[in-house]
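Everything below belongs to entry26.txt, which stores compact mmCIF, C-alpha atoms and all ligand atoms.
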```
# COMPACT_ATOMS: atom_id res chain seq x y z
CA MET A 1 28.66 143.42 -8.00
CA ALA A 2 31.40 140.86 -8.38
CA LYS A 3 30.57 137.29 -9.21
CA VAL A 4 32.08 135.05 -6.49
CA VAL A 5 33.07 131.58 -7.66
CA ARG A 6 34.27 128.81 -5.37
CA ILE A 7 37.35 127.09 -6.82
CA ASN A 8 39.29 123.93 -5.85
CA LEU A 9 42.96 124.08 -5.01
CA GLU A 10 44.24 120.69 -6.17
CA PRO A 11 43.74 121.15 -9.03
CA PRO A 12 41.72 124.31 -9.78
CA GLU A 13 38.93 123.62 -12.30
CA ALA A 14 40.27 124.48 -15.77
CA GLU A 15 36.98 126.04 -16.95
CA LEU A 16 36.93 128.45 -13.99
CA ILE A 17 40.56 129.41 -14.57
CA ASP A 18 39.88 129.95 -18.29
CA ALA A 19 36.86 132.13 -17.50
CA ALA A 20 38.98 134.23 -15.10
CA ALA A 21 41.77 134.54 -17.66
CA ALA A 22 39.19 135.71 -20.22
CA VAL A 23 38.03 138.47 -17.85
CA LEU A 24 41.64 139.64 -17.45
CA ARG A 25 42.28 139.39 -21.22
CA ARG A 26 39.46 141.83 -21.94
CA GLY A 27 40.83 144.33 -19.40
CA GLY A 28 38.72 143.36 -16.38
CA LEU A 29 39.58 142.90 -12.70
CA VAL A 30 39.80 139.48 -11.03
CA ALA A 31 40.47 138.93 -7.32
CA PHE A 32 42.28 135.67 -6.63
CA PRO A 33 43.95 133.92 -3.69
CA THR A 34 47.71 133.85 -3.28
CA GLU A 35 49.52 132.08 -0.45
CA THR A 36 49.84 135.44 1.39
CA VAL A 37 46.62 137.45 0.90
CA TYR A 38 44.06 137.87 -1.90
CA GLY A 39 45.27 139.91 -4.86
CA LEU A 40 43.31 142.26 -7.12
CA GLY A 41 44.57 141.46 -10.60
CA ALA A 42 44.66 143.14 -14.00
CA ARG A 43 46.87 142.69 -17.09
CA ALA A 44 50.13 144.32 -16.06
CA LEU A 45 51.00 145.56 -19.54
CA ASP A 46 47.62 147.26 -20.03
CA ALA A 47 47.71 150.73 -18.45
CA GLU A 48 43.95 151.16 -18.68
CA ALA A 49 43.26 147.87 -16.88
CA VAL A 50 45.77 148.73 -14.14
CA GLY A 51 44.06 152.11 -13.80
CA LYS A 52 40.92 150.25 -12.72
CA ILE A 53 42.88 148.69 -9.82
CA PHE A 54 43.91 152.13 -8.55
CA LYS A 55 40.33 153.36 -8.87
CA ALA A 56 38.83 150.33 -7.10
CA LYS A 57 41.29 150.54 -4.21
CA GLY A 58 41.31 154.31 -3.92
CA ARG A 59 45.07 153.87 -4.12
CA PRO A 60 47.26 156.96 -4.46
CA ALA A 61 49.13 157.09 -7.79
CA HIS A 62 52.48 157.30 -5.97
CA ASN A 63 52.17 153.75 -4.61
CA PRO A 64 53.42 151.18 -7.17
CA VAL A 65 51.87 147.70 -7.57
CA ILE A 66 53.47 144.25 -7.63
CA VAL A 67 53.63 142.34 -10.92
CA HIS A 68 52.96 138.59 -10.65
CA VAL A 69 54.56 136.15 -13.07
CA ALA A 70 53.89 132.51 -14.00
CA ASP A 71 57.56 131.49 -14.07
CA ALA A 72 61.03 132.99 -13.78
CA GLU A 73 61.28 133.28 -17.59
CA GLN A 74 58.32 135.68 -17.66
CA VAL A 75 60.32 138.14 -15.55
CA ALA A 76 62.12 139.18 -18.74
CA GLN A 77 58.84 140.71 -19.98
CA VAL A 78 58.72 143.21 -17.13
CA ALA A 79 62.25 143.64 -15.74
CA GLY A 80 65.15 145.24 -17.59
CA ALA A 81 67.72 143.08 -15.77
CA TRP A 82 67.94 139.80 -13.88
CA PRO A 83 70.98 140.11 -11.61
CA PRO A 84 72.74 137.03 -10.16
CA LEU A 85 71.35 137.89 -6.72
CA ALA A 86 67.82 137.67 -8.13
CA GLN A 87 68.58 134.29 -9.65
CA ALA A 88 69.98 133.02 -6.34
CA LEU A 89 66.92 134.21 -4.40
CA ALA A 90 64.43 132.95 -6.96
CA SER A 91 66.06 129.49 -6.95
CA ARG A 92 65.65 129.37 -3.18
CA PHE A 93 62.33 131.12 -2.53
CA TRP A 94 60.20 131.05 -5.72
CA PRO A 95 57.46 130.20 -6.01
CA GLY A 96 56.78 131.86 -2.68
CA PRO A 97 56.14 135.02 -0.67
CA LEU A 98 59.19 137.05 -1.75
CA THR A 99 58.84 140.13 -3.99
CA LEU A 100 61.94 141.40 -5.78
CA VAL A 101 62.34 145.02 -6.85
CA LEU A 102 64.22 145.09 -10.19
CA PRO A 103 64.94 147.65 -12.93
CA ARG A 104 61.74 148.33 -14.91
CA HIS A 105 61.48 147.10 -18.50
CA GLU A 106 60.44 150.02 -20.73
CA ARG A 107 57.39 148.04 -21.81
CA VAL A 108 55.84 148.22 -18.30
CA PRO A 109 53.30 151.06 -18.10
CA LEU A 110 54.38 153.82 -15.72
CA ILE A 111 51.16 153.53 -13.75
CA VAL A 112 52.39 150.12 -12.52
CA THR A 113 55.64 151.51 -11.14
CA ALA A 114 54.18 154.84 -9.99
CA GLY A 115 56.39 156.57 -12.53
CA GLY A 116 59.56 155.07 -11.05
CA PRO A 117 62.49 153.24 -12.68
CA THR A 118 61.90 149.95 -10.81
CA VAL A 119 59.30 147.19 -10.86
CA ALA A 120 58.36 144.79 -8.06
CA VAL A 121 57.98 141.18 -9.24
CA ARG A 122 56.70 138.08 -7.50
CA LEU A 123 56.05 134.45 -8.42
CA PRO A 124 53.29 133.27 -6.08
CA ALA A 125 53.06 129.70 -4.77
CA HIS A 126 49.26 129.37 -4.61
CA PRO A 127 47.82 126.81 -7.08
CA VAL A 128 44.97 129.13 -8.16
CA ALA A 129 47.28 132.10 -8.72
CA ARG A 130 49.72 129.95 -10.65
CA ALA A 131 47.04 128.36 -12.81
CA LEU A 132 45.56 131.77 -13.63
CA LEU A 133 48.96 133.25 -14.53
CA ARG A 134 49.75 130.26 -16.74
CA ALA A 135 46.38 130.37 -18.48
CA LEU A 136 46.69 134.09 -19.20
CA GLY A 137 50.30 133.71 -20.36
CA GLU A 138 51.27 137.24 -19.40
CA PRO A 139 52.15 139.13 -16.19
CA VAL A 140 49.41 140.29 -13.82
CA ALA A 141 49.60 143.43 -11.70
CA ALA A 142 48.00 142.63 -8.33
CA PRO A 143 48.11 144.61 -5.13
CA SER A 144 46.35 143.23 -2.09
CA ALA A 145 42.57 143.13 -2.66
CA ASN A 146 41.50 145.77 -0.15
CA ARG A 147 40.75 149.50 -0.11
CA SER A 148 43.93 151.55 0.25
CA THR A 149 45.22 151.73 3.89
CA GLU A 150 42.61 149.19 5.08
CA LEU A 151 43.07 145.57 6.13
CA SER A 152 44.27 143.08 3.53
CA ALA A 153 41.86 140.28 2.63
CA THR A 154 42.58 136.69 3.58
CA THR A 155 39.20 135.33 2.46
CA ALA A 156 36.93 135.91 -0.54
CA GLU A 157 34.28 137.31 1.84
CA HIS A 158 36.68 140.06 2.93
CA VAL A 159 37.21 140.97 -0.73
CA ALA A 160 33.52 140.90 -1.60
CA ARG A 161 32.53 143.03 1.39
CA ASN A 162 35.05 145.79 0.79
CA LEU A 163 35.62 145.82 -2.97
CA GLY A 164 32.81 143.73 -4.46
CA ALA A 165 31.23 146.65 -6.29
CA HIS A 166 34.37 147.33 -8.32
CA ILE A 167 35.44 143.83 -9.39
CA ASP A 168 34.25 141.56 -12.20
CA LEU A 169 35.09 138.21 -10.62
CA ILE A 170 36.34 136.86 -7.27
CA LEU A 171 37.89 133.38 -7.19
CA ASP A 172 37.18 131.93 -3.76
CA GLY A 173 39.95 129.51 -2.81
CA GLY A 174 39.24 129.64 0.93
CA PRO A 175 41.42 131.32 3.58
CA THR A 176 45.03 132.05 2.60
CA ALA A 177 47.77 130.14 4.42
CA VAL A 178 50.47 132.72 5.21
CA GLY A 179 48.05 135.51 6.10
CA ILE A 180 50.36 138.53 5.74
CA GLU A 181 51.79 140.15 2.62
CA SER A 182 55.03 139.07 0.91
CA THR A 183 58.51 140.20 1.92
CA VAL A 184 59.62 143.04 -0.42
CA LEU A 185 63.35 143.22 -1.20
CA ASP A 186 64.90 146.01 -3.27
CA LEU A 187 67.67 144.54 -5.45
CA VAL A 188 68.31 147.81 -7.29
CA SER A 189 69.88 149.37 -4.22
CA ASP A 190 73.35 148.16 -3.27
CA PRO A 191 73.46 146.48 -0.81
CA PRO A 192 69.90 145.18 -1.23
CA ARG A 193 67.31 146.68 1.09
CA LEU A 194 64.38 145.04 2.83
CA LEU A 195 61.40 147.34 2.17
CA ARG A 196 58.67 145.24 3.78
CA PRO A 197 59.31 142.38 6.23
CA GLY A 198 57.29 139.22 5.61
CA HIS A 199 57.11 135.49 6.05
CA ILE A 200 60.57 135.11 4.47
CA THR A 201 62.87 136.72 7.02
CA ARG A 202 65.96 138.86 6.72
CA SER A 203 68.16 136.00 8.02
CA GLN A 204 66.79 133.60 5.44
CA ILE A 205 67.61 136.12 2.70
CA GLU A 206 71.06 136.84 4.14
CA GLU A 207 71.85 133.11 4.18
CA VAL A 208 71.54 133.21 0.39
CA ILE A 209 72.98 136.61 -0.61
CA GLY A 210 74.87 137.96 2.42
CA PRO A 211 74.21 141.16 4.37
CA ILE A 212 71.30 143.40 3.39
CA LEU A 213 69.95 146.67 4.78
CA HIS A 214 66.68 146.88 6.59
CA GLY A 215 64.64 149.87 5.40
CA VAL A 216 62.21 149.46 8.25
CA GLU A 217 64.07 149.78 11.54
CA PRO A 218 62.39 148.58 14.74
CA ALA A 219 60.89 151.52 16.66
CA PRO A 220 59.00 151.77 19.96
CA PRO A 221 55.40 150.54 19.63
CA ASP A 222 53.85 153.98 19.92
CA GLN A 223 55.94 155.40 17.05
CA PRO A 224 55.01 155.07 13.39
CA LEU A 225 57.50 153.37 11.08
CA ARG A 226 58.69 154.86 7.82
CA GLY A 227 59.93 152.83 4.88
CA PRO A 228 60.53 153.89 1.27
CA GLY A 229 57.43 153.49 -0.86
CA LEU A 230 55.39 152.32 2.08
CA LEU A 231 52.61 154.22 3.75
CA PRO A 232 52.90 154.65 7.53
CA ARG A 233 49.18 154.09 8.04
CA HIS A 234 48.28 150.83 6.37
CA TYR A 235 46.63 147.51 7.14
CA SER A 236 44.29 149.40 9.46
CA PRO A 237 40.93 148.40 10.90
CA LYS A 238 38.28 151.15 10.71
CA THR A 239 37.97 150.90 14.49
CA ARG A 240 40.55 152.86 16.50
CA THR A 241 43.41 150.48 17.23
CA GLU A 242 46.05 150.60 19.98
CA TYR A 243 49.13 148.37 19.94
CA LEU A 244 50.53 148.21 23.46
CA ASN A 245 53.14 146.66 25.65
CA ASP A 246 50.66 146.36 28.51
CA GLY A 247 47.35 145.68 26.78
CA ALA A 248 45.74 144.16 29.87
CA THR A 249 45.90 147.38 31.92
CA ARG A 250 44.53 149.44 29.04
CA VAL A 251 41.69 146.99 28.40
CA ARG A 252 40.69 147.09 32.06
CA GLU A 253 40.78 150.90 32.06
CA LEU A 254 38.66 151.13 28.90
CA ALA A 255 36.15 148.61 30.23
CA GLU A 256 35.84 150.59 33.47
CA GLN A 257 35.05 153.69 31.41
CA GLY A 258 32.25 151.72 29.75
CA SER A 259 33.91 151.33 26.34
CA ARG A 260 33.23 148.29 24.18
CA VAL A 261 36.68 146.85 23.56
CA GLY A 262 38.18 144.18 21.31
CA TRP A 263 41.42 142.62 22.51
CA LEU A 264 43.97 140.48 20.69
CA THR A 265 45.98 138.87 23.45
CA PHE A 266 48.12 135.85 24.26
CA HIS A 267 46.43 135.12 27.59
CA HIS A 268 43.34 136.56 29.15
CA SER A 269 41.82 136.03 32.55
CA ALA A 270 38.37 136.97 33.91
CA LEU A 271 36.90 139.74 31.80
CA ASP A 272 34.24 142.34 31.70
CA PRO A 273 31.42 141.28 29.32
CA GLN A 274 32.07 144.42 27.26
CA VAL A 275 35.46 143.03 26.26
CA VAL A 276 35.65 140.79 23.21
CA ALA A 277 38.91 138.94 23.86
CA VAL A 278 40.60 136.78 21.25
CA GLU A 279 43.33 134.43 22.44
CA MET A 280 45.94 134.49 19.67
CA PRO A 281 48.42 131.68 18.87
CA THR A 282 51.91 131.92 20.39
CA ASP A 283 53.42 130.56 17.18
CA PRO A 284 54.16 133.43 14.74
CA GLN A 285 53.07 131.53 11.62
CA ALA A 286 49.75 130.58 13.18
CA TYR A 287 49.32 134.14 14.50
CA ALA A 288 49.91 135.64 11.04
CA ALA A 289 47.46 133.23 9.43
CA ARG A 290 44.68 134.38 11.79
CA LEU A 291 45.52 138.06 12.25
CA TYR A 292 43.54 139.76 9.47
CA ALA A 293 40.51 137.48 9.85
CA GLU A 294 40.28 138.39 13.54
CA LEU A 295 40.71 142.10 12.83
CA HIS A 296 38.06 142.00 10.08
CA ARG A 297 35.71 140.24 12.52
CA LEU A 298 36.31 142.72 15.36
CA ASP A 299 35.95 145.58 12.89
CA GLN A 300 32.41 144.38 12.09
CA MET A 301 31.35 144.49 15.74
CA ARG A 302 31.03 148.27 16.18
CA LEU A 303 33.52 148.36 19.03
CA GLU A 304 35.04 151.62 20.21
CA VAL A 305 38.63 150.42 20.47
CA ILE A 306 40.72 147.42 19.47
CA VAL A 307 43.67 146.79 21.80
CA ILE A 308 46.45 144.52 20.58
CA ASP A 309 49.10 143.07 22.89
CA GLN A 310 52.62 143.66 21.65
CA VAL A 311 54.17 140.57 20.06
CA PRO A 312 57.64 139.27 21.05
CA ALA A 313 60.64 141.30 19.86
CA GLN A 314 62.12 138.38 17.92
CA GLU A 315 62.81 137.95 14.22
CA PRO A 316 59.99 135.50 13.42
CA TRP A 317 57.55 138.15 14.73
CA LEU A 318 59.06 141.12 12.92
CA ALA A 319 56.63 141.20 9.97
CA ILE A 320 53.64 140.91 12.31
CA ASP A 321 55.03 143.67 14.54
CA ASP A 322 55.44 145.87 11.44
CA ARG A 323 51.79 145.35 10.39
CA LEU A 324 50.49 145.98 13.92
CA ARG A 325 52.42 149.24 14.29
CA ARG A 326 50.94 150.45 11.01
CA ALA A 327 47.46 149.26 11.96
CA ALA A 328 47.67 151.46 15.04
CA THR A 329 49.01 154.55 13.24
CA GLY A 330 47.08 157.66 12.30
CA GLU A 331 43.63 159.18 12.35
CA HIS A 332 40.46 157.18 12.55
O1 LIG B 1 51.76 139.28 -0.70
C1 LIG B 1 51.70 140.23 -1.47
O2 LIG B 1 52.70 140.87 -1.83
C2 LIG B 1 50.31 140.64 -2.00
C3 LIG B 1 49.81 139.52 -2.92
C4 LIG B 1 48.51 139.88 -3.57
O3 LIG B 1 50.79 139.23 -3.87
N1 LIG B 1 50.39 141.89 -2.68
C5 LIG B 1 50.59 143.07 -2.04
O4 LIG B 1 50.61 144.16 -2.88
O5 LIG B 1 50.71 143.15 -0.85
P1 LIG B 1 50.46 145.66 -2.37
O6 LIG B 1 50.36 146.48 -3.61
O7 LIG B 1 49.34 145.76 -1.43
O8 LIG B 1 51.82 145.95 -1.69
C6 LIG B 1 52.96 146.09 -2.50
C7 LIG B 1 54.03 146.81 -1.74
C8 LIG B 1 53.63 148.25 -1.52
O9 LIG B 1 54.03 148.61 -0.23
C9 LIG B 1 54.42 149.01 -2.55
O10 LIG B 1 54.77 150.28 -2.12
C10 LIG B 1 55.64 148.12 -2.73
O11 LIG B 1 55.21 146.81 -2.55
N2 LIG B 1 56.16 148.24 -4.09
C11 LIG B 1 55.57 147.91 -5.25
N3 LIG B 1 56.34 148.23 -6.29
C12 LIG B 1 57.48 148.76 -5.79
C13 LIG B 1 58.66 149.30 -6.36
N4 LIG B 1 58.85 149.34 -7.66
N5 LIG B 1 59.60 149.77 -5.52
C14 LIG B 1 59.42 149.73 -4.18
N6 LIG B 1 58.31 149.24 -3.58
C15 LIG B 1 57.35 148.77 -4.37
MG MG B 2 48.36 146.26 0.21
```
Render the structure in this file as structure tokens.
Ligand code: TXA
Ligand code: MG
Amino acid sequence: MAKVVRINLEPPEAELIDAAAAVLRRGGLVAFPTETVYGLGARALDAEAVGKIFKAKGRPAHNPVIVHVADAEQVAQVAGAWPPLAQALASRFWPGPLTLVLPRHERVPLIVTAGGPTVAVRLPAHPVARALLRALGEPVAAPSANRSTELSATTAEHVARNLGAHIDLILDGGPTAVGIESTVLDLVSDPPRLLRPGHITRSQIEEVIGPILHGVEPAPPDQPLRGPGLLPRHYSPKTRTEYLNDGATRVRELAEQGSRVGWLTFHHSALDPQVVAVEMPTDPQAYAARLYAELHRLDQMRLEVIVIDQVPAQEPWLAIDDRLRRAATGEH
């Protein structure tokens, strides 16, 4: 079982960071907070260590992992090129929740890139992640610290509950601020292509580098989305989840049938006692910060269905809408 260690943010205790770096150096797995979600880290240039990440997550070998770096200079260790567009975006958004897909450096083990010619690189903004990367002095492969297709972790408790048996150490830096995973932008394709929407929006990126393509087109709420390298079912609670335009009607219907229902909504009125309603923030940043914690909590309650009200069809909500569509996709 993983050791869970509480760590300060400003500044993180040096002895805890050194101990975590030592675990990574000997090929172990360390879960740590980033500003988006918790990551499950291993030395990126050590194929055997990265193999442990895939095993712990139950992650299919065709899904590549993100490499985290301490500074922009370290990118040269993992990427074969650093195009001017990358420099422009890094100057504006790093450290921060933007992942850039670049040509792979031949030194990067193929397990990291799922056998492909590109590598995804990110420089996180979280003080614990940054201190750990600096102390280790080499890149760290870190997908989100959750079982494959399940909900990402925004607290150390989420990590411990779902992955604790497979990890050496969990650094507990409290709840993460952004709450959803980084924006992933493919800079190898021309024009660049948004592979995963996130906190940094398409417009913000286009302000810096001009028009890009969006690999994940908006679709009706009941249809799954498809994006390159991304699984349709993802970020899913174990409980059956429905993402609906008219959640209120569905919740009433389910309650009348006697089902125990969880409901993420913007406004709820008088309710059946079988309905666990959560009033979500109307600000997209605040919504994202709470989303996974609420879904983890509802998922623990042995409900039959989770109903989620559709979020506004506006750009600041796009990343949340993407996660909710995926949460509601597929077999349970
Ligand atoms: O916010 C985040 O990005 C978090 C924190 C821990 O940094 N990490 C994260 O990693 O969400 P993960 O592995 O759960 O998601 C990475 C996404 C996957 O959808 C994967 O398919 C895509 O990035 N990806 C990774 N490498 C890629 C590549 N070379 N080309 C295209 N997509 C890639
Ligand atoms: Mg993930």
When you draw a straight line from CA of Lys238 in chain A to atom C3 of ligand LIG 1 (chain B), how long is it in Å?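 Separating CA of Lys238 in chain A from atom C3 of ligand LIG 1 (chain B) is a distance of 21.3 Å.
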Write out as a PyMOL selection string which residues come within 9 Å of Glu279 in chain A when counting all atoms listed in the file, dropping same-chain ones fewer than 6 positions away. chain A and resi 263-268
Next, write the just-selected residues to a file, as a PDB file, in the frame of the given file, keeping C-alpha atoms as the atom set.
```pdb
ATOM      1  CA  TRP A 263      41.420 142.620  22.510  1.00  0.00           C
ATOM      2  CA  LEU A 264      43.970 140.480  20.690  1.00  0.00           C
ATOM      3  CA  THR A 265      45.980 138.870  23.450  1.00  0.00           C
ATOM      4  CA  PHE A 266      48.120 135.850  24.260  1.00  0.00           C
ATOM      5  CA  HIS A 267      46.430 135.120  27.590  1.00  0.00           C
ATOM      6  CA  HIS A 268      43.340 136.560  29.150  1.00  0.00           C
TER       7      HIS A 268
END
```
Give me, as a PyMOL selection string, the set of residues whose atoms come within 8 Å of any atom of ligand LIG 1 (chain B), counting all atoms listed in the file. chain A and resi 33-40+63-68+97-99+101-102+104+112-114+116-122+124+142-146+152+180-184+186+195-196+228-231
Find the residue from A:Glu242, A:Glu315, A:Glu304, A:Asp168 that sits nearest to Ala19 in chain A; use only C-alpha atoms when measuring.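 Selected residue with least distance to Ala19 in chain A: A:Asp168.
Compared by their closest atoms to His126 in chain A, and using only C-alpha atoms, the residues A:Ala141, A:Ala90, A:Ile308, A:Val178 rank with A:Val178 nearest.
Take CA of Leu298 in chain A and CA of Ala277 in chain A: the distance between them is 9.7 Å.
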Which residue is closest to Gln204 in chain A? Choose from A:Arg6, A:His158, A:His234, A:Arg92 and count all atoms listed in the file.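 Checking each of A:Arg6, A:His158, A:His234, A:Arg92 against Gln204 in chain A, counting all atoms listed in the file, the winner is A:Arg92.
Between CA of Pro312 in chain A and CA of Thr249 in chain A there is a distance of 17.9 Å.
With all atoms listed in the file taken into account, the protein and nucleic acid residues at most 10 Å from Ala156 in chain A (excluding it and anything under 4 positions from it in its own chain) are Val4, Val5, Arg6, Ala31, Phe32, Pro33, Val37, Tyr38, Ala145, Ala160, Arg161, Gly164, Ile170, Leu171, Asp172, Gly173, Gly174, Pro175 and Thr176 of chain A.
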Of the listed residues A:Ile53, A:Arg59, A:Arg147, A:Arg202, that which approaches Val30 in chain A most closely, counting only C-alpha atoms: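 Ranked by minimum distance to Val30 in chain A, first place goes to A:Ile53.
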For a cut-off of 7 Å around (48.7, 150.5, -18.2), file coordinates, pick out all residues using all atoms listed in the file and list them as a list in words.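 Those residues, ordered by chain and then number, are Ala44, Leu45, Asp46, Ala47, Glu48, Ala49, Val50, Gly51, Pro109, Ile111 and Val112 of chain A.
Using all atoms listed in the file, the nearest neighbour of ligand MG 2 (chain B) within the list A:Ile320, A:Val275, A:Leu151, A:Ala288 is A:Leu151.
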I need the residue nearest Lys3 in chain A from this list: A:Arg26, A:His166, A:Arg43, A:Arg130. Use all atoms listed in the file for the distance.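 Closest to Lys3 in chain A, using all atoms listed in the file: A:His166.
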Using only the atoms of range 250-261 of chain A listed in the file, plus 3 Å on each side, state the axis-aligned box centre and edge lengths in Å rounded to one decimal, as JSON.
```
{"center_x": 38.4, "center_y": 150.3, "center_z": 28.5, "size_x": 18.3, "size_y": 12.8, "size_z": 15.9}
```
So which residues touch Ala289 in chain A within 7 Å, counting only C-alpha atoms, skipping near sequence neighbours fewer than 4 positions away, as a compact mmCIF listing (two decimals) with C-alpha atoms, in the coordinates of the input?
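Now in part-v1.txt:
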```txt
# COMPACT_ATOMS: atom_id res chain seq x y z
CA ALA A 177 47.77 130.14 4.42
CA VAL A 178 50.47 132.72 5.21
CA GLY A 179 48.05 135.51 6.10
CA GLN A 285 53.07 131.53 11.62
```
Point (45.7, 151.1, -3.9) neighbourhood (6 Å, all atoms listed in the file) written as a VMD selection string: chain A and resid 54 57 to 59 148
